[in-house]
Amino acid sequence: MRFRHIAVAAGMVGLLCLPAHADGRDISRDTLPANDGWASEGEGTTGGSAADAAHVHTVTDRAGLVRALDGGSATPKIIRIAGTVDANTDDDGDHLDCADYATDGYRLKKYLAAYDPRTWGAAKPSGPQEEARQASAKKQAERVELLVGSNTTIVGLKGAVLKGGSLQVRNATNVIIRNLDLRDAYDCFPVWQPNTGGLGDWKTAYDTIWLAGSTHVWIDHVTLSDKGHLDADEPTYFARNYLRHDGLLDITNGSDLVTVSWSRFADHDKAMLIGNSDSATGDRGRLRVTLHHNQFESVVQRAPRVRFGQVHLYNNRYVVPGDDYRYSLGISTESAVHAENNAFHTPGHIEAADLVKSWNGSALHQTGTLFNGYPVDLLAIHNAYNSGSERDLTADVGWTPTLHTKIDSAEAADREVARGAGAGRIP
């Protein structure tokens with residue numbers, strides 16, 4: 001028995017000492033290469049690469065991750081995640097489910113009965129069950145919201161998974177997140193909003209990664225999905241899908257100078273929102289984001305949807321779902337999307353005209369687009385087929401990207417992204 005314990009301990013030491021890359025290179029001190037998108041502007045993005053030995057952590061559970069994050073401090077730090085870290089756990093590491101968070105008499109069945117539109121009407125929910133829902137949601141938020149501070153690098157070791165958590169980069173600068181599989185930021189307590197979308201809708205709380213008021217952020221070779229609890233498998237209440245997930249990666253509240261590269265967004269409804277409100281005019285001159293060599297697979301919408309920002313979208317690969325697809329590129333208020341050499345794969349009933357949706361947008365620059373292997377002009381197609389419901393877009397977005405890596409043909413990028421995007425695929 002003693003020898004078995006020694007062997008297990010030795011195995012754990014070996015795991016914790018593994019480098020973050022298969023060839024022995026320690027990627028945890030990597031910095032964003034020069035000219036690699038908006039996050040390379042100025043002094044670039046270095047994350048926690050300057051961390052001293054005392055602030056290099058390898059974590060295997062939520063408690064260790066919370067200690068390493070240090071309350072979102074700005075101290076330079078490197079956090080290496082090993083194995084699977086479950087954010088829905090108590091201080092002893094025991095898993096928590098929705099019933100463990102429910103408090104003050106909250107029950108879904110009671111909530112549905114209280115706010116059924118046929119009896120409650122169109123007023124915002126209030127009263128005992130809504131108050132109980134809020135208290136229950138607060139308990140879950142205390143466990144799953146993980147605050148990432150400035151000068152931080154988070155990397156996954158081989159096969160690392162963070163499930164159930166929401167990494168929140170709020171009012172921070174100089175952050176790197178790489179090589180990590182993030183999945184199932186599951187909201188136990190969605191709120192009913194009667195006046196949303198005409199019929200009402202369910203609103204959820206947690207983005208898998210949320211950038212709010214943050215600058216110089218590099219997200220690279222991550223995989224983000226709802227794996228574990230797909231929204232498509234959830235029931236329907238009040239004639240609306242009972243959604244449990246918000247965005248995979250939302251970039252809002254004046255965030256700026258962000259590069260998202262070689263990542264995989266999968267099996268989700270609303271993937272990426274850049275700019276959260278038409279009325280947030282303070283976002284003008286911000287929300288500068290580069291998206292390159294990413295794969296959007298079975299994503300219903302928002303890949304991305306953009307307000308205000310100058311967004312460079314190049315060499316991305318789209319695998320459009322067969323069911324419930326809405327659009328990929330959302331062109332919204334004062335957005336300036338410069339799209340180059342992106343490839344789209346769709347089932348037969350999805351047309352090129354379905355790929356772009358405009359809400360009060362005015363411009364889209366696009367070149368080199370492939371649609372099921374054929375070159376298309378998305379701008380011309382959008383303007384020809386919007387049926388007058390949307391105003392025509394112009395090609396003048398008012399800027400030309402200068403910070404970028406080599407821009408490949410859409411055909412070449414399509415192959416490379418299929419092989420190389422996502423966690424565990426850093427070359």
# chains A, B, ... in the order shown; residues from 1 in each chain; ligands from 1
$ residues_around --residues "A:Val191" --least-positions-apart "2" --cutoff "9 Å" --atoms "only C-alpha atoms" --output "count of residues only"
11
$ residues_around --residues "A:Ala68" --least-positions-apart "2" --cutoff "9 Å" --atoms "only C-alpha atoms" --output "ChimeraX atom specification"
/A:55-59,63-66,70-71,77-79
$ write_last_selection --atoms "N, CA and C atoms" --output "mmCIF file, in the first residue's frame"
data_model
loop_
_atom_site.group_PDB
_atom_site.id
_atom_site.type_symbol
_atom_site.label_atom_id
_atom_site.label_comp_id
_atom_site.auth_asym_id
_atom_site.auth_seq_id
_atom_site.Cartn_x
_atom_site.Cartn_y
_atom_site.Cartn_z
ATOM 1 N N HIS A 55 5.166 33.698 -7.908
ATOM 2 C CA HIS A 55 3.863 33.960 -8.510
ATOM 3 C C HIS A 55 3.651 33.148 -9.779
ATOM 4 N N VAL A 56 4.267 31.979 -9.829
ATOM 5 C CA VAL A 56 4.004 30.993 -10.865
ATOM 6 C C VAL A 56 3.306 29.820 -10.193
ATOM 7 N N HIS A 57 2.074 29.562 -10.570
ATOM 8 C CA HIS A 57 1.236 28.592 -9.875
ATOM 9 C C HIS A 57 0.771 27.503 -10.838
ATOM 10 N N THR A 58 0.757 26.286 -10.368
ATOM 11 C CA THR A 58 0.087 25.195 -11.073
ATOM 12 C C THR A 58 -1.095 24.767 -10.221
ATOM 13 N N VAL A 59 -2.301 24.817 -10.802
ATOM 14 C CA VAL A 59 -3.512 24.573 -10.018
ATOM 15 C C VAL A 59 -4.272 23.388 -10.588
ATOM 16 N N ALA A 63 -10.230 25.836 -5.707
ATOM 17 C CA ALA A 63 -9.617 26.554 -4.592
ATOM 18 C C ALA A 63 -8.227 27.056 -4.970
ATOM 19 N N GLY A 64 -7.444 26.209 -5.638
ATOM 20 C CA GLY A 64 -6.118 26.627 -6.065
ATOM 21 C C GLY A 64 -6.167 27.731 -7.095
ATOM 22 N N LEU A 65 -7.135 27.663 -8.003
ATOM 23 C CA LEU A 65 -7.276 28.698 -9.026
ATOM 24 C C LEU A 65 -7.644 30.026 -8.395
ATOM 25 N N VAL A 66 -8.566 30.007 -7.439
ATOM 26 C CA VAL A 66 -8.977 31.241 -6.775
ATOM 27 C C VAL A 66 -7.793 31.859 -6.033
ATOM 28 N N ASP A 70 -5.782 35.604 -6.953
ATOM 29 C CA ASP A 70 -5.466 36.631 -5.952
ATOM 30 C C ASP A 70 -6.441 37.807 -6.017
ATOM 31 N N GLY A 71 -7.732 37.466 -6.145
ATOM 32 C CA GLY A 71 -8.741 38.504 -6.107
ATOM 33 C C GLY A 71 -8.678 39.474 -7.265
ATOM 34 N N LYS A 77 1.604 37.445 -12.711
ATOM 35 C CA LYS A 77 1.400 36.079 -12.278
ATOM 36 C C LYS A 77 1.188 35.169 -13.473
ATOM 37 N N ILE A 78 1.626 33.939 -13.325
ATOM 38 C CA ILE A 78 1.389 32.896 -14.319
ATOM 39 C C ILE A 78 0.612 31.789 -13.637
ATOM 40 N N ILE A 79 -0.500 31.403 -14.242
ATOM 41 C CA ILE A 79 -1.346 30.349 -13.678
ATOM 42 C C ILE A 79 -1.444 29.232 -14.701
#
$ residues_around --residues "A:Thr75" --least-positions-apart "4" --cutoff "10 Å" --atoms "only C-alpha atoms" --output "list of chain:residue names"
A:Gly48, A:Ala50, A:Ala51, A:Asp52, A:His55, A:Leu69, A:Asp70, A:Gly149, A:Ser150, A:Asn151, A:Thr152
$ write_last_selection --atoms "C-alpha atoms" --output "tab-separated table (two decimals), in the first residue's frame"
chain	number	residue	atom	x	y	z
A	48	GLY	CA	2.36	37.61	-16.59
A	50	ALA	CA	7.56	38.97	-15.81
A	51	ALA	CA	6.23	36.97	-12.83
A	52	ASP	CA	8.77	35.90	-10.22
A	55	HIS	CA	3.86	33.96	-8.51
A	69	LEU	CA	-5.97	34.69	-9.19
A	70	ASP	CA	-5.47	36.63	-5.95
A	149	GLY	CA	-6.51	40.90	-12.96
A	150	SER	CA	-3.89	42.79	-14.92
A	151	ASN	CA	-0.51	41.29	-15.84
A	152	THR	CA	-1.83	37.74	-15.78
$ residues_around --residues "A:Asp116" --least-positions-apart "3" --cutoff "10 Å" --atoms "only C-alpha atoms" --output "list in words"
Tyr111, Leu112, Ala113, Thr119, Trp120, Gly121, Ala122, Pro125, Trp192, Pro194, Tyr237 and Phe238 of chain A
$ select_by_dssp --residues "stretch 144-186 of chain A" --states "strand (DSSP E)" --output "JSON, numbers by chain"
{"A": [145, 146, 147, 152, 153, 154, 155, 156, 161, 162, 163, 166, 167, 168, 169, 170, 173, 174, 175, 176, 177, 178, 181, 182, 183]}
$ write_last_selection --atoms "N, CA, C and O atoms" --output "mmCIF file, in the first residue's frame"
data_model
loop_
_atom_site.group_PDB
_atom_site.id
_atom_site.type_symbol
_atom_site.label_atom_id
_atom_site.label_comp_id
_atom_site.auth_asym_id
_atom_site.auth_seq_id
_atom_site.Cartn_x
_atom_site.Cartn_y
_atom_site.Cartn_z
ATOM 1 N N GLU A 145 -17.930 32.970 -10.872
ATOM 2 C CA GLU A 145 -17.298 34.153 -11.447
ATOM 3 C C GLU A 145 -15.868 34.244 -10.937
ATOM 4 O O GLU A 145 -15.623 34.355 -9.742
ATOM 5 N N LEU A 146 -14.914 34.206 -11.859
ATOM 6 C CA LEU A 146 -13.498 34.158 -11.522
ATOM 7 C C LEU A 146 -12.830 35.393 -12.105
ATOM 8 O O LEU A 146 -12.700 35.541 -13.319
ATOM 9 N N LEU A 147 -12.402 36.305 -11.234
ATOM 10 C CA LEU A 147 -11.894 37.608 -11.648
ATOM 11 C C LEU A 147 -10.412 37.519 -12.019
ATOM 12 O O LEU A 147 -9.583 37.086 -11.218
ATOM 13 N N THR A 152 -1.568 39.153 -16.078
ATOM 14 C CA THR A 152 -1.832 37.743 -15.776
ATOM 15 C C THR A 152 -1.753 36.909 -17.048
ATOM 16 O O THR A 152 -2.282 37.305 -18.091
ATOM 17 N N THR A 153 -1.103 35.750 -16.949
ATOM 18 C CA THR A 153 -1.152 34.738 -17.991
ATOM 19 C C THR A 153 -1.799 33.487 -17.414
ATOM 20 O O THR A 153 -1.394 33.002 -16.349
ATOM 21 N N ILE A 154 -2.817 32.974 -18.107
ATOM 22 C CA ILE A 154 -3.443 31.705 -17.752
ATOM 23 C C ILE A 154 -3.231 30.756 -18.917
ATOM 24 O O ILE A 154 -3.598 31.067 -20.052
ATOM 25 N N VAL A 155 -2.608 29.605 -18.648
ATOM 26 C CA VAL A 155 -2.398 28.612 -19.694
ATOM 27 C C VAL A 155 -2.860 27.248 -19.199
ATOM 28 O O VAL A 155 -2.785 26.944 -18.004
ATOM 29 N N GLY A 156 -3.323 26.444 -20.116
ATOM 30 C CA GLY A 156 -3.673 25.077 -19.781
ATOM 31 C C GLY A 156 -2.513 24.153 -20.098
ATOM 32 O O GLY A 156 -1.877 24.269 -21.150
ATOM 33 N N VAL A 161 -8.929 21.504 -18.649
ATOM 34 C CA VAL A 161 -10.320 21.914 -18.827
ATOM 35 C C VAL A 161 -10.743 22.777 -17.645
ATOM 36 O O VAL A 161 -10.463 22.433 -16.495
ATOM 37 N N LEU A 162 -11.401 23.879 -17.929
ATOM 38 C CA LEU A 162 -12.104 24.651 -16.902
ATOM 39 C C LEU A 162 -13.578 24.579 -17.241
ATOM 40 O O LEU A 162 -14.005 25.075 -18.287
ATOM 41 N N LYS A 163 -14.365 23.944 -16.376
ATOM 42 C CA LYS A 163 -15.786 23.804 -16.670
ATOM 43 C C LYS A 163 -16.633 24.538 -15.639
ATOM 44 O O LYS A 163 -16.303 24.592 -14.454
ATOM 45 N N SER A 166 -16.794 31.266 -15.277
ATOM 46 C CA SER A 166 -16.817 32.455 -16.115
ATOM 47 C C SER A 166 -15.573 33.270 -15.794
ATOM 48 O O SER A 166 -15.481 33.884 -14.724
ATOM 49 N N LEU A 167 -14.585 33.255 -16.708
ATOM 50 C CA LEU A 167 -13.390 34.078 -16.524
ATOM 51 C C LEU A 167 -13.754 35.518 -16.870
ATOM 52 O O LEU A 167 -14.142 35.813 -18.000
ATOM 53 N N GLN A 168 -13.625 36.415 -15.893
ATOM 54 C CA GLN A 168 -14.053 37.793 -16.074
ATOM 55 C C GLN A 168 -12.854 38.729 -15.964
ATOM 56 O O GLN A 168 -12.251 38.871 -14.897
ATOM 57 N N VAL A 169 -12.515 39.335 -17.098
ATOM 58 C CA VAL A 169 -11.400 40.282 -17.171
ATOM 59 C C VAL A 169 -12.019 41.672 -17.152
ATOM 60 O O VAL A 169 -12.424 42.203 -18.181
ATOM 61 N N ARG A 170 -12.119 42.242 -15.954
ATOM 62 C CA ARG A 170 -12.838 43.505 -15.777
ATOM 63 C C ARG A 170 -11.872 44.615 -15.384
ATOM 64 O O ARG A 170 -11.173 44.501 -14.382
ATOM 65 N N THR A 173 -5.649 45.193 -17.599
ATOM 66 C CA THR A 173 -4.843 45.353 -18.796
ATOM 67 C C THR A 173 -3.726 44.319 -18.793
ATOM 68 O O THR A 173 -3.294 43.855 -17.731
ATOM 69 N N ASN A 174 -3.312 43.915 -19.997
ATOM 70 C CA ASN A 174 -2.170 43.025 -20.170
ATOM 71 C C ASN A 174 -2.460 41.616 -19.655
ATOM 72 O O ASN A 174 -1.893 41.150 -18.669
ATOM 73 N N VAL A 175 -3.352 40.935 -20.372
ATOM 74 C CA VAL A 175 -3.811 39.599 -19.962
ATOM 75 C C VAL A 175 -3.674 38.641 -21.141
ATOM 76 O O VAL A 175 -3.989 38.988 -22.282
ATOM 77 N N ILE A 176 -3.202 37.423 -20.850
ATOM 78 C CA ILE A 176 -3.080 36.364 -21.854
ATOM 79 C C ILE A 176 -3.809 35.129 -21.345
ATOM 80 O O ILE A 176 -3.600 34.707 -20.206
ATOM 81 N N ILE A 177 -4.644 34.539 -22.199
ATOM 82 C CA ILE A 177 -5.330 33.277 -21.892
ATOM 83 C C ILE A 177 -5.089 32.343 -23.074
ATOM 84 O O ILE A 177 -5.468 32.662 -24.205
ATOM 85 N N ARG A 178 -4.475 31.161 -22.806
ATOM 86 C CA ARG A 178 -4.075 30.289 -23.920
ATOM 87 C C ARG A 178 -4.245 28.809 -23.568
ATOM 88 O O ARG A 178 -4.169 28.417 -22.397
ATOM 89 N N ASP A 181 -9.313 24.545 -22.555
ATOM 90 C CA ASP A 181 -10.656 24.143 -22.953
ATOM 91 C C ASP A 181 -11.619 24.652 -21.889
ATOM 92 O O ASP A 181 -11.613 24.179 -20.750
ATOM 93 N N LEU A 182 -12.427 25.637 -22.256
ATOM 94 C CA LEU A 182 -13.398 26.219 -21.331
ATOM 95 C C LEU A 182 -14.782 25.816 -21.789
ATOM 96 O O LEU A 182 -15.151 26.024 -22.944
ATOM 97 N N ARG A 183 -15.573 25.259 -20.876
ATOM 98 C CA ARG A 183 -16.866 24.725 -21.294
ATOM 99 C C ARG A 183 -17.948 24.904 -20.226
ATOM 100 O O ARG A 183 -17.669 24.962 -19.029
#
$ residues_around --residues "stretch 315-325 of chain A" --least-positions-apart "5" --cutoff "7 Å" --atoms "only C-alpha atoms" --output "VMD selection string"
chain A and resid 292 to 301 340 to 347 407 to 408 410 413 to 414 417
$ atom_distance --atom1 "atom CA of A:Leu257" --atom2 "atom CA of A:Leu364"
20.0 Å
$ atom_distance --atom1 "atom CA of A:Ser73" --atom2 "atom CA of A:Gly159"
26.9 Å
$ select_by_dssp --residues "stretch 76-271 of chain A" --states "helix (DSSP H, G or I)" --output "ChimeraX atom specification"
/A:98-101,108-114,117-120,128-144,231-233
$ write_last_selection --atoms "C-alpha atoms" --output "PDB file, in the first residue's frame"
ATOM      1  CA  CYS A  98     -28.286  23.846  -8.913  1.00  0.00           C
ATOM      2  CA  ALA A  99     -30.186  22.449  -5.931  1.00  0.00           C
ATOM      3  CA  ASP A 100     -27.236  23.333  -3.684  1.00  0.00           C
ATOM      4  CA  TYR A 101     -27.438  26.990  -4.729  1.00  0.00           C
ATOM      5  CA  LEU A 108     -38.344  26.472 -10.890  1.00  0.00           C
ATOM      6  CA  LYS A 109     -41.869  25.075 -10.909  1.00  0.00           C
ATOM      7  CA  LYS A 110     -43.019  27.866  -8.583  1.00  0.00           C
ATOM      8  CA  TYR A 111     -41.161  30.474 -10.639  1.00  0.00           C
ATOM      9  CA  LEU A 112     -42.850  29.336 -13.849  1.00  0.00           C
ATOM     10  CA  ALA A 113     -46.255  29.388 -12.192  1.00  0.00           C
ATOM     11  CA  ALA A 114     -45.675  32.863 -10.741  1.00  0.00           C
ATOM     12  CA  PRO A 117     -47.346  35.498 -19.177  1.00  0.00           C
ATOM     13  CA  ARG A 118     -50.962  34.298 -19.413  1.00  0.00           C
ATOM     14  CA  THR A 119     -51.541  35.322 -15.816  1.00  0.00           C
ATOM     15  CA  TRP A 120     -48.607  37.593 -14.877  1.00  0.00           C
ATOM     16  CA  PRO A 128     -40.995  36.343  -3.564  1.00  0.00           C
ATOM     17  CA  GLN A 129     -39.966  33.931  -6.326  1.00  0.00           C
ATOM     18  CA  GLU A 130     -37.969  36.547  -8.253  1.00  0.00           C
ATOM     19  CA  GLU A 131     -36.286  37.633  -5.020  1.00  0.00           C
ATOM     20  CA  ALA A 132     -35.476  33.993  -4.271  1.00  0.00           C
ATOM     21  CA  ARG A 133     -34.120  33.540  -7.793  1.00  0.00           C
ATOM     22  CA  GLN A 134     -31.826  36.544  -7.330  1.00  0.00           C
ATOM     23  CA  ALA A 135     -30.552  35.249  -3.986  1.00  0.00           C
ATOM     24  CA  SER A 136     -29.910  31.821  -5.480  1.00  0.00           C
ATOM     25  CA  ALA A 137     -28.143  33.337  -8.490  1.00  0.00           C
ATOM     26  CA  LYS A 138     -25.912  35.337  -6.165  1.00  0.00           C
ATOM     27  CA  LYS A 139     -24.813  32.139  -4.421  1.00  0.00           C
ATOM     28  CA  GLN A 140     -23.826  30.572  -7.713  1.00  0.00           C
ATOM     29  CA  ALA A 141     -22.058  33.718  -8.916  1.00  0.00           C
ATOM     30  CA  GLU A 142     -19.859  33.656  -5.821  1.00  0.00           C
ATOM     31  CA  ARG A 143     -18.493  30.301  -6.982  1.00  0.00           C
ATOM     32  CA  VAL A 144     -18.324  30.538 -10.760  1.00  0.00           C
ATOM     33  CA  ASP A 231     -28.948  24.623 -24.862  1.00  0.00           C
ATOM     34  CA  ALA A 232     -30.554  22.692 -27.709  1.00  0.00           C
ATOM     35  CA  ASP A 233     -31.328  19.948 -25.185  1.00  0.00           C
TER      36      ASP A 233
END
$ closest_residue --among "A:Asn241, A:Pro375, A:Leu393, A:Ile426" --to "A:Ile27" --atoms "only C-alpha atoms"
A:Ile426
$ closest_residue --among "A:Gly72, A:Gly398, A:Gly348, A:Gly93" --to "A:Phe308" --atoms "only C-alpha atoms"
A:Gly398
$ closest_residue --among "A:Leu370, A:Ala172, A:Ala363, A:Val148" --to "A:Arg67" --atoms "only C-alpha atoms"
A:Val148
$ closest_residue --among "A:Ser28, A:Asn195, A:Thr89, A:Thr60" --to "A:Ala123" --atoms "only C-alpha atoms"
A:Asn195
$ closest_residue --among "A:Asp267, A:Glu416, A:Glu351, A:Glu334" --to "A:Arg284" --atoms "only C-alpha atoms"
A:Glu334
$ atom_distance --atom1 "atom CA of A:Thr196" --atom2 "atom CA of A:Lys124"
10.6 Å
$ closest_residue --among "A:Thr252, A:Arg80, A:Lys227, A:Arg305" --to "A:Gly282" --atoms "only C-alpha atoms"
A:Thr252
$ residues_around --residues "A:Leu32" --least-positions-apart "4" --cutoff "9 Å" --atoms "only C-alpha atoms" --output "PyMOL selection string"
chain A and resi 36+39-40+44-47+176+218+259
$ write_last_selection --atoms "N, CA and C atoms" --output "PDB file, in the first residue's frame"
ATOM      1  N   ASP A  36       0.876  41.194 -34.223  1.00  0.00           N
ATOM      2  CA  ASP A  36      -0.176  40.183 -34.223  1.00  0.00           C
ATOM      3  C   ASP A  36      -1.485  40.803 -33.726  1.00  0.00           C
ATOM      4  N   ALA A  39      -3.952  43.780 -30.262  1.00  0.00           N
ATOM      5  CA  ALA A  39      -3.340  43.671 -28.933  1.00  0.00           C
ATOM      6  C   ALA A  39      -1.834  43.898 -28.956  1.00  0.00           C
ATOM      7  N   SER A  40      -1.236  43.941 -30.164  1.00  0.00           N
ATOM      8  CA  SER A  40       0.203  44.203 -30.274  1.00  0.00           C
ATOM      9  C   SER A  40       0.514  45.686 -30.380  1.00  0.00           C
ATOM     10  N   GLY A  44       2.495  46.383 -26.676  1.00  0.00           N
ATOM     11  CA  GLY A  44       2.102  44.995 -26.877  1.00  0.00           C
ATOM     12  C   GLY A  44       1.456  44.379 -25.655  1.00  0.00           C
ATOM     13  N   THR A  45       1.372  43.049 -25.663  1.00  0.00           N
ATOM     14  CA  THR A  45       0.720  42.308 -24.583  1.00  0.00           C
ATOM     15  C   THR A  45       1.669  41.220 -24.095  1.00  0.00           C
ATOM     16  N   THR A  46       2.039  41.302 -22.842  1.00  0.00           N
ATOM     17  CA  THR A  46       3.027  40.381 -22.256  1.00  0.00           C
ATOM     18  C   THR A  46       2.468  39.525 -21.131  1.00  0.00           C
ATOM     19  N   GLY A  47       1.250  39.815 -20.687  1.00  0.00           N
ATOM     20  CA  GLY A  47       0.628  39.019 -19.632  1.00  0.00           C
ATOM     21  C   GLY A  47       1.480  38.972 -18.379  1.00  0.00           C
ATOM     22  N   ILE A 176      -3.202  37.423 -20.850  1.00  0.00           N
ATOM     23  CA  ILE A 176      -3.080  36.364 -21.854  1.00  0.00           C
ATOM     24  C   ILE A 176      -3.809  35.129 -21.345  1.00  0.00           C
ATOM     25  N   TRP A 218      -4.796  39.080 -25.080  1.00  0.00           N
ATOM     26  CA  TRP A 218      -4.535  38.091 -26.126  1.00  0.00           C
ATOM     27  C   TRP A 218      -5.171  36.776 -25.703  1.00  0.00           C
ATOM     28  N   THR A 259      -6.635  40.737 -29.303  1.00  0.00           N
ATOM     29  CA  THR A 259      -6.378  39.777 -30.375  1.00  0.00           C
ATOM     30  C   THR A 259      -6.903  38.411 -29.951  1.00  0.00           C
TER      31      THR A 259
END
